[in-house]
>>> print(open('final17.pdb').read())   # PDB, C-alpha atoms
ATOM      1  CA  MET W 411     -74.927  -4.727 -21.554
ATOM      2  CA  GLY W 412     -71.616  -2.856 -21.588
ATOM      3  CA  ASN W 413     -71.138   0.846 -20.990
ATOM      4  CA  ARG W 414     -69.842   1.602 -24.486
ATOM      5  CA  ALA W 415     -72.187   3.364 -26.854
ATOM      6  CA  TRP W 416     -73.515   0.948 -29.458
ATOM      7  CA  TRP W 417     -71.951   2.883 -32.329
ATOM      8  CA  SER W 418     -68.487   2.289 -30.868
ATOM      9  CA  CYS W 419     -68.852  -1.503 -30.990
ATOM     10  CA  PRO W 420     -66.752  -3.373 -33.590
ATOM     11  CA  ARG W 421     -68.447  -4.141 -36.887
ATOM     12  CA  PRO W 422     -69.858  -7.691 -36.725
ATOM     13  CA  HIS W 423     -68.323 -10.250 -39.061
ATOM     14  CA  ARG W 424     -71.558 -12.144 -39.576
ATOM     15  CA  SER W 425     -74.938 -10.952 -40.751
ATOM     16  CA  GLU W 426     -76.388  -8.256 -38.527
ATOM     17  CA  VAL W 427     -79.606 -10.178 -37.999
ATOM     18  CA  THR W 428     -77.832 -13.454 -37.181
ATOM     19  CA  GLU W 429     -75.509 -11.610 -34.795
ATOM     20  CA  SER W 430     -78.488 -10.293 -32.842
ATOM     21  CA  VAL W 431     -79.808 -13.782 -32.134
ATOM     22  CA  SER W 432     -78.703 -15.311 -28.851
ATOM     23  CA  ARG W 433     -80.570 -18.574 -28.347
ATOM     24  CA  PRO W 434     -84.009 -17.069 -27.786
ATOM     25  CA  ARG W 435     -86.217 -18.768 -25.239
ATOM     26  CA  SER W 436     -88.763 -20.526 -27.407
ATOM     27  CA  GLY W 437     -91.032 -21.766 -24.636
ATOM     28  CA  PRO W 438     -94.102 -19.806 -23.539
ATOM     29  CA  THR W 439     -92.615 -17.992 -20.551
ATOM     30  CA  ALA W 440     -95.943 -16.354 -19.706
ATOM     31  CA  ALA W 441     -97.267 -19.847 -18.985
ATOM     32  CA  LEU W 442     -94.277 -20.552 -16.743
ATOM     33  CA  ARG W 443     -94.828 -17.258 -14.919
ATOM     34  CA  LEU W 444     -98.443 -18.210 -14.360
ATOM     35  CA  LEU W 445     -97.372 -21.611 -13.059
ATOM     36  CA  GLY W 446     -94.883 -19.995 -10.675
ATOM     37  CA  ALA W 447     -97.469 -17.516  -9.460
ATOM     38  CA  ASP W 448     -99.962 -20.352  -8.958
ATOM     39  CA  LEU W 449     -97.471 -22.317  -6.865
ATOM     40  CA  ARG W 450     -96.662 -19.247  -4.774
ATOM     41  CA  ALA W 451    -100.376 -18.586  -4.175
ATOM     42  CA  ARG W 452    -100.938 -22.218  -3.154
ATOM     43  CA  ARG W 453     -97.972 -22.103  -0.773
ATOM     44  CA  GLU W 454     -99.206 -18.915   0.880
ATOM     45  CA  THR W 455    -102.766 -20.261   1.141
ATOM     46  CA  ALA W 456    -101.426 -23.419   2.772
ATOM     47  CA  GLY W 457     -99.516 -21.289   5.288
ATOM     48  CA  VAL W 458     -96.132 -22.719   4.243
ATOM     49  CA  THR W 459     -93.143 -20.386   4.281
ATOM     50  CA  LEU W 460     -90.644 -20.339   1.444
ATOM     51  CA  GLU W 461     -87.986 -21.639   3.836
ATOM     52  CA  ALA W 462     -90.155 -24.535   5.033
ATOM     53  CA  ALA W 463     -91.046 -25.549   1.482
ATOM     54  CA  ALA W 464     -87.383 -25.443   0.468
ATOM     55  CA  VAL W 465     -86.404 -27.617   3.437
ATOM     56  CA  SER W 466     -89.143 -30.121   2.551
ATOM     57  CA  LEU W 467     -87.779 -30.391  -0.993
ATOM     58  CA  GLY W 468     -84.166 -30.450   0.149
ATOM     59  CA  VAL W 469     -83.260 -27.391  -1.924
ATOM     60  CA  HIS W 470     -82.020 -23.892  -1.185
ATOM     61  CA  ARG W 471     -84.573 -21.143  -0.536
ATOM     62  CA  ILE W 472     -83.256 -19.221  -3.554
ATOM     63  CA  THR W 473     -83.876 -22.218  -5.804
ATOM     64  CA  LEU W 474     -87.538 -22.314  -4.843
ATOM     65  CA  SER W 475     -87.813 -18.545  -5.123
ATOM     66  CA  ARG W 476     -86.456 -18.705  -8.690
ATOM     67  CA  LEU W 477     -89.038 -21.368  -9.510
ATOM     68  CA  GLU W 478     -91.899 -19.197  -8.243
ATOM     69  CA  ARG W 479     -90.610 -16.249 -10.280
ATOM     70  CA  ALA W 480     -90.283 -18.446 -13.425
ATOM     71  CA  HIS W 481     -86.522 -17.910 -13.598
ATOM     72  CA  THR W 482     -86.063 -21.680 -13.933
ATOM     73  CA  VAL W 483     -88.129 -24.406 -15.562
ATOM     74  CA  PRO W 484     -89.231 -26.904 -12.883
ATOM     75  CA  ASN W 485     -89.495 -30.638 -13.449
ATOM     76  CA  GLN W 486     -92.600 -32.740 -12.909
ATOM     77  CA  ASP W 487     -91.313 -34.361  -9.724
ATOM     78  CA  THR W 488     -90.552 -31.034  -8.015
ATOM     79  CA  VAL W 489     -93.957 -29.558  -8.859
ATOM     80  CA  SER W 490     -95.730 -32.766  -7.846
ATOM     81  CA  ARG W 491     -94.017 -32.740  -4.439
ATOM     82  CA  LEU W 492     -94.888 -29.077  -3.926
ATOM     83  CA  LEU W 493     -98.543 -29.666  -4.797
ATOM     84  CA  HIS W 494     -98.643 -32.546  -2.291
ATOM     85  CA  LEU W 495     -97.049 -30.310   0.355
ATOM     86  CA  TYR W 496     -99.677 -27.631  -0.321
ATOM     87  CA  ASN W 497    -102.530 -30.172  -0.088
ATOM     88  CA  ALA W 498    -103.734 -29.578  -3.642
ATOM     89  CA  PRO W 499    -106.686 -31.849  -4.581
ATOM     90  CA  LYS W 500    -105.782 -34.624  -7.015
ATOM     91  CA  GLU W 501    -107.744 -33.126  -9.932
ATOM     92  CA  GLU W 502    -106.096 -29.720  -9.479
ATOM     93  CA  ALA W 503    -102.648 -31.275  -9.177
ATOM     94  CA  GLU W 504    -103.171 -33.165 -12.435
ATOM     95  CA  ARG W 505    -104.286 -29.971 -14.158
ATOM     96  CA  VAL W 506    -101.213 -28.090 -12.938
ATOM     97  CA  LEU W 507     -98.891 -30.874 -14.098
ATOM     98  CA  ARG W 508    -100.539 -30.878 -17.533
ATOM     99  CA  ALA W 509    -100.072 -27.104 -17.694
ATOM    100  CA  LEU W 510     -96.378 -27.583 -16.864
ATOM    101  CA  GLU W 511     -95.896 -29.923 -19.821
ATOM    102  CA  GLU W 512     -97.725 -27.501 -22.110
ATOM    103  CA  ALA W 513     -95.571 -24.640 -20.837
ATOM    104  CA  LYS W 514     -92.464 -26.519 -21.947
ATOM    105  CA  GLU W 515     -93.687 -26.776 -25.524
ATOM    106  CA  PRO W 516     -92.008 -24.414 -28.018
ATOM    107  CA  GLY W 517     -93.950 -21.243 -28.789
ATOM    108  CA  TRP W 518     -95.286 -20.545 -32.285
ATOM    109  CA  TRP W 519     -92.263 -18.307 -32.886
ATOM    110  CA  HIS W 520     -89.794 -21.205 -32.506
ATOM    111  CA  PRO W 521     -89.313 -21.659 -36.317
ATOM    112  CA  TRP W 522     -88.182 -18.018 -36.548
ATOM    113  CA  ARG W 523     -85.349 -18.349 -34.044
ATOM    114  CA  ASP W 524     -82.703 -17.793 -36.759
ATOM    115  CA  VAL W 525     -83.759 -14.126 -37.039
ATOM    116  CA  LEU W 526     -85.337 -13.633 -33.615
ATOM    117  CA  PRO W 527     -83.382 -11.608 -31.026
ATOM    118  CA  GLU W 528     -83.666 -13.022 -27.514
ATOM    119  CA  TYR W 529     -85.384  -9.943 -26.101
ATOM    120  CA  LEU W 530     -88.048 -10.074 -28.816
ATOM    121  CA  ALA W 531     -88.847 -13.712 -28.053
ATOM    122  CA  GLY W 532     -89.788 -12.633 -24.529
ATOM    123  CA  VAL W 533     -91.848  -9.693 -25.785
ATOM    124  CA  ILE W 534     -93.739 -11.861 -28.284
ATOM    125  CA  ASP W 535     -94.480 -14.423 -25.598
ATOM    126  CA  LEU W 536     -95.925 -11.774 -23.295
ATOM    127  CA  GLU W 537     -97.977 -10.301 -26.161
ATOM    128  CA  SER W 538     -99.325 -13.716 -27.105
ATOM    129  CA  ALA W 539    -100.838 -14.194 -23.656
ATOM    130  CA  ALA W 540    -102.020 -10.607 -23.077
ATOM    131  CA  ASP W 541    -105.657  -9.575 -22.882
ATOM    132  CA  LEU W 542    -105.034  -5.827 -23.342
ATOM    133  CA  ILE W 543    -102.032  -3.940 -24.731
ATOM    134  CA  ARG W 544    -101.735  -0.173 -24.311
ATOM    135  CA  VAL W 545     -99.056   1.535 -26.384
ATOM    136  CA  TYR W 546     -97.541   5.005 -26.444
ATOM    137  CA  SER W 547     -95.749   5.593 -29.735
ATOM    138  CA  PRO W 548     -93.819   8.873 -30.116
ATOM    139  CA  GLY W 549     -91.656   8.040 -33.143
ATOM    140  CA  VAL W 550     -93.180   5.412 -35.425
ATOM    141  CA  VAL W 551     -96.409   3.476 -35.841
ATOM    142  CA  PRO W 552     -96.553   0.637 -33.256
ATOM    143  CA  GLU W 553     -95.226  -2.651 -34.639
ATOM    144  CA  LEU W 554     -98.521  -4.469 -34.192
ATOM    145  CA  LEU W 555    -100.191  -1.885 -36.454
ATOM    146  CA  GLN W 556     -97.493  -1.566 -39.122
ATOM    147  CA  THR W 557     -98.316  -2.397 -42.741
ATOM    148  CA  PRO W 558     -95.765  -4.327 -44.874
ATOM    149  CA  GLY W 559     -94.205  -1.423 -46.807
ATOM    150  CA  TYR W 560     -93.894   0.756 -43.712
ATOM    151  CA  ALA W 561     -92.501  -2.115 -41.627
ATOM    152  CA  ARG W 562     -89.944  -3.101 -44.256
ATOM    153  CA  ALA W 563     -88.588   0.448 -44.427
ATOM    154  CA  LEU W 564     -88.088   0.462 -40.650
ATOM    155  CA  LEU W 565     -86.467  -2.989 -40.694
ATOM    156  CA  GLN W 566     -83.980  -1.697 -43.261
ATOM    157  CA  LEU W 567     -83.118   1.143 -40.873
ATOM    158  CA  ARG W 568     -82.699  -1.218 -37.910
ATOM    159  CA  TYR W 569     -80.699  -3.811 -39.881
ATOM    160  CA  PRO W 570     -78.863  -1.809 -42.574
ATOM    161  CA  ARG W 571     -76.555  -4.719 -43.482
ATOM    162  CA  ALA W 572     -79.211  -7.438 -43.518
ATOM    163  CA  THR W 573     -79.775  -9.414 -46.713
ATOM    164  CA  GLY W 574     -83.055  -9.245 -48.603
ATOM    165  CA  GLU W 575     -83.851 -12.793 -47.475
ATOM    166  CA  GLU W 576     -83.312 -11.890 -43.823
ATOM    167  CA  LEU W 577     -85.529  -8.828 -44.171
ATOM    168  CA  ASP W 578     -88.214 -10.973 -45.789
ATOM    169  CA  ARG W 579     -88.120 -13.393 -42.844
ATOM    170  CA  LEU W 580     -88.264 -10.558 -40.318
ATOM    171  CA  LEU W 581     -91.254  -9.119 -42.153
ATOM    172  CA  ARG W 582     -93.027 -12.493 -42.199
ATOM    173  CA  LEU W 583     -92.263 -12.851 -38.482
ATOM    174  CA  LEU W 584     -93.938  -9.488 -37.848
ATOM    175  CA  ARG W 585     -97.018 -10.557 -39.835
ATOM    176  CA  GLU W 586     -97.192 -13.801 -37.825
ATOM    177  CA  ARG W 587     -96.831 -11.789 -34.631
ATOM    178  CA  GLN W 588     -99.737  -9.555 -35.661
ATOM    179  CA  GLU W 589    -101.870 -12.583 -36.565
ATOM    180  CA  HIS W 590    -101.194 -14.441 -33.308
ATOM    181  CA  THR W 591    -101.887 -11.351 -31.211
ATOM    182  CA  LEU W 592    -104.546  -9.229 -32.901
ATOM    183  CA  ARG W 593    -106.353 -11.934 -34.840
ATOM    184  CA  ARG W 594    -105.941 -15.058 -32.756
ATOM    185  CA  PRO W 595    -109.124 -17.169 -32.752
ATOM    186  CA  VAL W 596    -109.412 -17.337 -28.954
ATOM    187  CA  ARG W 597    -109.515 -14.026 -27.055
ATOM    188  CA  PRO W 598    -107.761 -11.730 -29.562
ATOM    189  CA  VAL W 599    -105.950  -8.973 -27.752
ATOM    190  CA  ARG W 600    -107.466  -5.512 -27.365
ATOM    191  CA  LEU W 601    -104.999  -2.869 -28.490
ATOM    192  CA  TRP W 602    -105.162   0.793 -27.482
ATOM    193  CA  ALA W 603    -102.548   2.930 -29.230
ATOM    194  CA  LEU W 604    -101.649   6.550 -28.455
ATOM    195  CA  ILE W 605     -99.681   7.862 -31.441
ATOM    196  CA  GLU W 606     -98.028  11.267 -31.687
ATOM    197  CA  GLU W 607     -99.266  13.282 -34.692
ATOM    198  CA  VAL W 608     -95.688  13.765 -35.919
ATOM    199  CA  VAL W 609     -95.540   9.999 -36.564
ATOM    200  CA  LEU W 610     -98.162  10.366 -39.290
ATOM    201  CA  GLN W 611     -96.423  13.393 -40.801
ATOM    202  CA  ARG W 612     -93.097  11.595 -41.236
ATOM    203  CA  PRO W 613     -92.909   9.731 -44.572
ATOM    204  CA  VAL W 614     -91.486   6.255 -44.058
ATOM    205  CA  GLY W 615     -91.017   3.917 -47.003
ATOM    206  CA  GLY W 616     -92.229   6.388 -49.631
ATOM    207  CA  PRO W 617     -95.673   7.691 -50.646
ATOM    208  CA  SER W 618     -97.177   4.285 -51.472
ATOM    209  CA  ALA W 619     -96.138   2.756 -48.149
ATOM    210  CA  MET W 620     -97.389   5.768 -46.184
ATOM    211  CA  THR W 621    -100.711   5.826 -48.020
ATOM    212  CA  GLU W 622    -101.218   2.139 -47.204
ATOM    213  CA  GLN W 623    -100.298   2.764 -43.565
ATOM    214  CA  MET W 624    -102.586   5.782 -43.222
ATOM    215  CA  ASN W 625    -105.509   3.926 -44.806
ATOM    216  CA  PHE W 626    -104.965   1.024 -42.417
ATOM    217  CA  LEU W 627    -104.993   3.244 -39.338
ATOM    218  CA  GLY W 628    -107.885   5.281 -40.705
ATOM    219  CA  HIS W 629    -109.991   2.120 -40.878
ATOM    220  CA  TYR W 630    -109.924   1.877 -37.076
ATOM    221  CA  THR W 631    -111.054   5.469 -36.610
ATOM    222  CA  ARG W 632    -114.033   4.852 -38.901
ATOM    223  CA  HIS W 633    -115.004   1.368 -37.723
ATOM    224  CA  ARG W 634    -115.297   0.745 -34.011
ATOM    225  CA  GLY W 635    -115.761  -2.612 -32.331
ATOM    226  CA  SER W 636    -112.659  -4.261 -33.785
ATOM    227  CA  GLY W 637    -110.833  -4.319 -30.463
ATOM    228  CA  ILE W 638    -108.281  -1.835 -31.825
ATOM    229  CA  THR W 639    -108.378   1.788 -30.645
ATOM    230  CA  VAL W 640    -106.214   4.484 -32.224
ATOM    231  CA  GLN W 641    -105.869   7.968 -30.736
ATOM    232  CA  VAL W 642    -103.598  10.594 -32.283
ATOM    233  CA  ILE W 643    -102.034  13.128 -29.921
ATOM    234  CA  PRO W 644    -102.066  16.528 -31.675
ATOM    235  CA  THR W 645     -98.748  18.341 -31.836
ATOM    236  CA  ALA W 646    -100.620  21.477 -30.756
ATOM    237  CA  ALA W 647    -101.446  19.752 -27.462
ATOM    238  CA  GLY W 648     -97.946  20.664 -26.295
ATOM    239  CA  GLY W 649     -96.371  19.004 -23.281
ATOM    240  CA  HIS W 650     -97.822  15.917 -21.614
ATOM    241  CA  PRO W 651     -96.668  13.363 -19.002
ATOM    242  CA  LEU W 652     -95.032  10.975 -21.502
ATOM    243  CA  LEU W 653     -93.284  13.615 -23.586
ATOM    244  CA  LEU W 654     -89.886  12.730 -22.103
ATOM    245  CA  SER W 655     -90.508   9.007 -22.480
ATOM    246  CA  GLY W 656     -89.614   6.755 -25.358
ATOM    247  CA  PRO W 657     -92.068   4.189 -26.748
ATOM    248  CA  VAL W 658     -93.673   1.995 -24.093
ATOM    249  CA  SER W 659     -96.227  -0.797 -23.947
ATOM    250  CA  ILE W 660     -98.271  -1.976 -20.971
ATOM    251  CA  LEU W 661     -99.638  -5.506 -21.117
ATOM    252  CA  ARG W 662    -102.560  -6.685 -19.020
ATOM    253  CA  TYR W 663    -103.656 -10.295 -18.482
ATOM    254  CA  ALA W 664    -107.038 -11.798 -17.781
ATOM    255  CA  HIS W 665    -105.614 -14.116 -15.118
ATOM    256  CA  PRO W 666    -105.508 -12.387 -11.705
ATOM    257  CA  LEU W 667    -102.156 -13.974 -10.814
ATOM    258  CA  LEU W 668    -100.337 -12.277 -13.693
ATOM    259  CA  GLU W 669     -99.389  -8.663 -12.997
ATOM    260  CA  ASP W 670     -99.403  -5.905 -15.614
ATOM    261  CA  ARG W 671     -96.069  -5.576 -17.381
ATOM    262  CA  LEU W 672     -94.364  -2.578 -18.924
ATOM    263  CA  ILE W 673     -92.033  -2.952 -21.926
ATOM    264  CA  ALA W 674     -89.675  -0.183 -23.043
ATOM    265  CA  PRO W 675     -88.091  -1.109 -26.418
ATOM    266  CA  ASN W 676     -84.387  -0.585 -27.005
ATOM    267  CA  LEU W 677     -82.867   1.006 -30.111
ATOM    268  CA  HIS W 678     -80.030  -1.452 -30.663
ATOM    269  CA  PRO W 679     -81.008  -4.826 -32.210
ATOM    270  CA  ARG W 680     -78.975  -6.659 -29.559
ATOM    271  CA  GLY W 681     -80.212  -4.462 -26.746
ATOM    272  CA  VAL W 682     -82.462  -5.804 -24.031
ATOM    273  CA  SER W 683     -85.949  -4.336 -23.777
ATOM    274  CA  PRO W 684     -86.544  -3.565 -20.108
ATOM    275  CA  ILE W 685     -89.582  -5.502 -18.923
ATOM    276  CA  THR W 686     -90.907  -4.737 -15.455
ATOM    277  CA  GLU W 687     -93.920  -5.603 -13.357
ATOM    278  CA  ASP W 688     -92.984  -3.147 -10.607
ATOM    279  CA  PHE W 689     -96.336  -1.808  -9.391
ATOM    280  CA  ASP W 690     -95.233   1.810  -8.949
ATOM    281  CA  VAL W 691     -93.514   1.982 -12.335
ATOM    282  CA  VAL W 692     -96.375   0.371 -14.248
ATOM    283  CA  HIS W 693     -99.040   2.493 -12.573
ATOM    284  CA  THR W 694     -97.080   5.699 -13.143
ATOM    285  CA  TYR W 695     -97.175   4.976 -16.872
ATOM    286  CA  LEU W 696    -100.816   3.866 -16.720
ATOM    287  CA  GLY W 697    -101.765   7.121 -15.053
ATOM    288  CA  ALA W 698     -99.881   9.097 -17.689
ATOM    289  CA  MET W 699    -101.608   7.184 -20.496
ATOM    290  CA  ASP W 700    -105.010   7.791 -18.921
ATOM    291  CA  GLU W 701    -104.297  11.509 -18.642
ATOM    292  CA  ILE W 702    -103.160  11.779 -22.259
ATOM    293  CA  ALA W 703    -106.096   9.730 -23.552
ATOM    294  CA  ALA W 704    -108.530  12.035 -21.751
ATOM    295  CA  LEU W 705    -106.974  15.125 -23.351
ATOM    296  CA  THR W 706    -106.644  13.615 -26.843
ATOM    297  CA  PRO W 707    -109.427  13.730 -29.473
ATOM    298  CA  PRO W 708    -111.641  10.609 -29.321
ATOM    299  CA  PRO W 709    -110.793   7.485 -31.352
ATOM    300  CA  THR W 710    -113.478   8.309 -33.943
ATOM    301  CA  THR W 711    -111.680  11.519 -34.937
ATOM    302  CA  PRO W 712    -110.429  11.387 -38.563
ATOM    303  CA  LEU W 713    -106.673  11.189 -38.956
ATOM    304  CA  PRO W 714    -104.872  14.533 -39.335
ATOM    305  CA  THR W 715    -103.828  15.989 -42.674
ATOM    306  CA  PRO W 716    -101.977  13.339 -44.698
ATOM    307  CA  PHE W 717     -98.203  13.323 -44.630
ATOM    308  CA  ARG W 718     -96.216  15.457 -47.012
ATOM    309  CA  GLU W 719     -92.978  14.393 -48.608
ATOM    310  CA  ALA W 720     -89.964  16.413 -47.496
ATOM    311  CA  PRO W 721     -88.728  18.855 -50.186
ATOM    312  CA  ARG W 722     -85.897  17.526 -52.274
TER     313      ARG W 722
END
>>> encode(input="final17.pdb", output="structure tokens")
Amino acid sequence: MGNRAWWSCPRPHRSEVTESVSRPRSGPTAALRLLGADLRARRETAGVTLEAAAVSLGVHRITLSRLERAHTVPNQDTVSRLLHLYNAPKEEAERVLRALEEAKEPGWWHPWRDVLPEYLAGVIDLESAADLIRVYSPGVVPELLQTPGYARALLQLRYPRATGEELDRLLRLLRERQEHTLRRPVRPVRLWALIEEVVLQRPVGGPSAMTEQMNFLGHYTRHRGSGITVQVIPTAAGGHPLLLSGPVSILRYAHPLLEDRLIAPNLHPRGVSPITEDFDVVHTYLGAMDEIAALTPPPTTPLPTPFREAPR
């Protein structure tokens, strides 16, 4: 991304939403990352160096390294040769090759690619495979917990020149994203949200939208066992470790070969959301979230005083 501030960029000629789309990756990249991690683990177990494996395949070391880090999509022949080199049993090799073909299939979000920014395609893919998502939300209700009226008001702020039809599609995409993550039939994700109290005091979308949003969040403070945990950080709590941070999410996976990932959303629709699996970075944020959660009222605490409209 360039060094110019986003507000200094020329006004786009096309629709703002269409302009933000840049051929999103529609395949399930989490599956490709798992495949790459599996191949790396098999290589290390077999005692084969990256250089030796690359020589055996007749490729450059960097090429194989990119495959293991899921930066490229491997073909069946390459993976088959690697599995043979690593002495994988026939049944396991067949399973891995089947997983490769499945990983190449378009994700459920593929039909939405006309309004889907590239960065968001990657975020949705990671969410779809996550077992646990922890969120710190200092400004607005987390997207996965937004109700329609509240979400539409925020979409209008993010895409001020979008048409009504484009906003409708973005809103339907968000609902699909919530369904495929929070309410998927197999292993629905567990969501733990830390929300600043000021978020609930700021009217977004008008009284009706805010009432709907507050009632939705309040449901999870009254009914436990849904897999969704909401904790509100009181303004009176003062400073805390994430006070200087923007919104962040940490995603955890059930598979031991997939590392936790941290996502820091970007303000600009065409901006790239930094996604990292750096151990020190992720665990710094995890530690901060743990500290805040311990100092915040428990999830069963009723929501604070309802929002008040700003004086006219």
>>> residues_around(input="final17.pdb", residues="Ser636 in chain W", least_positions_apart="3", cutoff="12 Å", atoms="all atoms listed in the file", output="MDAnalysis selection string")
chainID W and resid 592:593 598:602 629:633 639:640
>>> resolve_selection(input="final17.pdb", expression="the PyMOL selection byres ((chain W and resi 442-457) around 7)", output="PDB file with C-alpha atoms, in the coordinates of the input")
ATOM      1  CA  PRO W 438     -94.102 -19.806 -23.539  1.00  0.00           C
ATOM      2  CA  THR W 439     -92.615 -17.992 -20.551  1.00  0.00           C
ATOM      3  CA  ALA W 440     -95.943 -16.354 -19.706  1.00  0.00           C
ATOM      4  CA  ALA W 441     -97.267 -19.847 -18.985  1.00  0.00           C
ATOM      5  CA  VAL W 458     -96.132 -22.719   4.243  1.00  0.00           C
ATOM      6  CA  THR W 459     -93.143 -20.386   4.281  1.00  0.00           C
ATOM      7  CA  LEU W 477     -89.038 -21.368  -9.510  1.00  0.00           C
ATOM      8  CA  GLU W 478     -91.899 -19.197  -8.243  1.00  0.00           C
ATOM      9  CA  ARG W 479     -90.610 -16.249 -10.280  1.00  0.00           C
ATOM     10  CA  ALA W 480     -90.283 -18.446 -13.425  1.00  0.00           C
ATOM     11  CA  TYR W 496     -99.677 -27.631  -0.321  1.00  0.00           C
ATOM     12  CA  ALA W 513     -95.571 -24.640 -20.837  1.00  0.00           C
ATOM     13  CA  LEU W 667    -102.156 -13.974 -10.814  1.00  0.00           C
ATOM     14  CA  LEU W 668    -100.337 -12.277 -13.693  1.00  0.00           C
TER      15      LEU W 668
END
>>> closest_residue(input="final17.pdb", among="W:Val489, W:Gln641, W:Glu575, W:Glu607", to="Asp524 in chain W", atoms="only C-alpha atoms")
W:Glu575
>>> atom_distance(input="final17.pdb", atom1="CA of Pro651 in chain W", atom2="CA of Ile638 in chain W")
23.0 Å
>>> closest_atom_pairs(input="final17.pdb", of="range 621-656 of chain W", to="range 681-698 of chain W", cutoff="10 Å", atoms="only C-alpha atoms", output="Markdown table")
| residue | atom | partner | partner_atom | distance |
| --- | --- | --- | --- | --- |
| W:His650 | CA | W:Ala698 | CA | 8.1 |
| W:Pro651 | CA | W:Ala698 | CA | 5.5 |
| W:Leu652 | CA | W:Ala698 | CA | 6.4 |
| W:Leu653 | CA | W:Ala698 | CA | 9.9 |
| W:Ser655 | CA | W:Tyr695 | CA | 9.6 |
>>> closest_residue(input="final17.pdb", among="W:Thr715, W:Thr557, W:Thr706, W:Gln623", to="Gln611 in chain W", atoms="all atoms listed in the file")
W:Thr715
>>> closest_residue(input="final17.pdb", among="W:Arg594, W:Lys514, W:Thr573, W:Trp522", to="Thr482 in chain W", atoms="only C-alpha atoms")
W:Lys514
>>> closest_residue(input="final17.pdb", among="W:Leu492, W:Val551, W:Leu474, W:Leu654", to="Glu461 in chain W", atoms="only C-alpha atoms")
W:Leu474
>>> closest_residue(input="final17.pdb", among="W:Pro712, W:Glu606, W:Gly517, W:Pro499", to="Ala539 in chain W", atoms="only C-alpha atoms")
W:Gly517
>>> closest_residue(input="final17.pdb", among="W:Ile673, W:Val596, W:Thr710, W:Thr621", to="Val642 in chain W", atoms="all atoms listed in the file")
W:Thr710
>>> residues_around(input="final17.pdb", residues="Pro657 in chain W", least_positions_apart="3", cutoff="8 Å", atoms="all atoms listed in the file", output="PyMOL selection string")
chain W and resi 545-549+674-675
>>> axis_aligned_box(input="final17.pdb", around="range 527-543 of chain W", padding_each_side="4 Å", output="AutoDock Vina command-line options")
--center_x -94.5 --center_y -9.2 --center_z -27.0 --size_x 30.3 --size_y 18.5 --size_z 16.1
>>> atom_distance(input="final17.pdb", atom1="CA of Val525 in chain W", atom2="CA of Glu553 in chain W")
16.4 Å
>>> atom_distance(input="final17.pdb", atom1="CA of Ala540 in chain W", atom2="CA of Arg662 in chain W")
5.7 Å
>>> resolve_selection(input="final17.pdb", expression="the PyMOL selection byres ((chain W and resi 486) around 12)", output="list in words")
Val483, Pro484, Asn485, Asp487, Thr488, Val489, Ser490, Arg491, Leu492, Leu493, Ala503, Glu504, Val506, Leu507, Arg508, Ala509, Leu510, Glu511, Glu512, Ala513 and Lys514 of chain W
>>> resolve_selection(input="final17.pdb", expression="the PyMOL selection byres ((chain W and resi 582) around 12)", output="ChimeraX atom specification")
/W:519,521-522,525-526,557-558,561-562,565,575-581,583-589
>>> build_atoms(input="final17.pdb", residues="range 478-488 of chain W", atoms="N, CA and C atoms", output="CSV table (one decimal), in the coordinates of the input")
chain,number,residue,atom,x,y,z
W,478,GLU,N,-90.7,-20.0,-8.4
W,478,GLU,CA,-91.9,-19.2,-8.2
W,478,GLU,C,-91.9,-18.0,-9.1
W,479,ARG,N,-90.7,-17.4,-9.4
W,479,ARG,CA,-90.6,-16.2,-10.3
W,479,ARG,C,-90.4,-16.6,-11.7
W,480,ALA,N,-90.4,-17.9,-12.0
W,480,ALA,CA,-90.3,-18.4,-13.4
W,480,ALA,C,-88.9,-18.2,-14.0
W,481,HIS,N,-87.9,-18.1,-13.1
W,481,HIS,CA,-86.5,-17.9,-13.6
W,481,HIS,C,-85.9,-19.2,-14.0
W,482,THR,N,-86.5,-20.3,-13.5
W,482,THR,CA,-86.1,-21.7,-13.9
W,482,THR,C,-87.3,-22.5,-14.3
W,483,VAL,N,-87.0,-23.5,-15.1
W,483,VAL,CA,-88.1,-24.4,-15.6
W,483,VAL,C,-88.1,-25.6,-14.6
W,484,PRO,N,-89.2,-25.8,-13.8
W,484,PRO,CA,-89.2,-26.9,-12.9
W,484,PRO,C,-89.5,-28.2,-13.6
W,485,ASN,N,-89.2,-29.3,-12.9
W,485,ASN,CA,-89.5,-30.6,-13.4
W,485,ASN,C,-90.8,-31.2,-12.8
W,486,GLN,N,-91.3,-32.2,-13.4
W,486,GLN,CA,-92.6,-32.7,-12.9
W,486,GLN,C,-92.5,-33.2,-11.5
W,487,ASP,N,-91.4,-33.8,-11.1
W,487,ASP,CA,-91.3,-34.4,-9.7
W,487,ASP,C,-91.3,-33.2,-8.7
W,488,THR,N,-90.6,-32.2,-9.0
W,488,THR,CA,-90.6,-31.0,-8.0
W,488,THR,C,-91.9,-30.4,-7.8
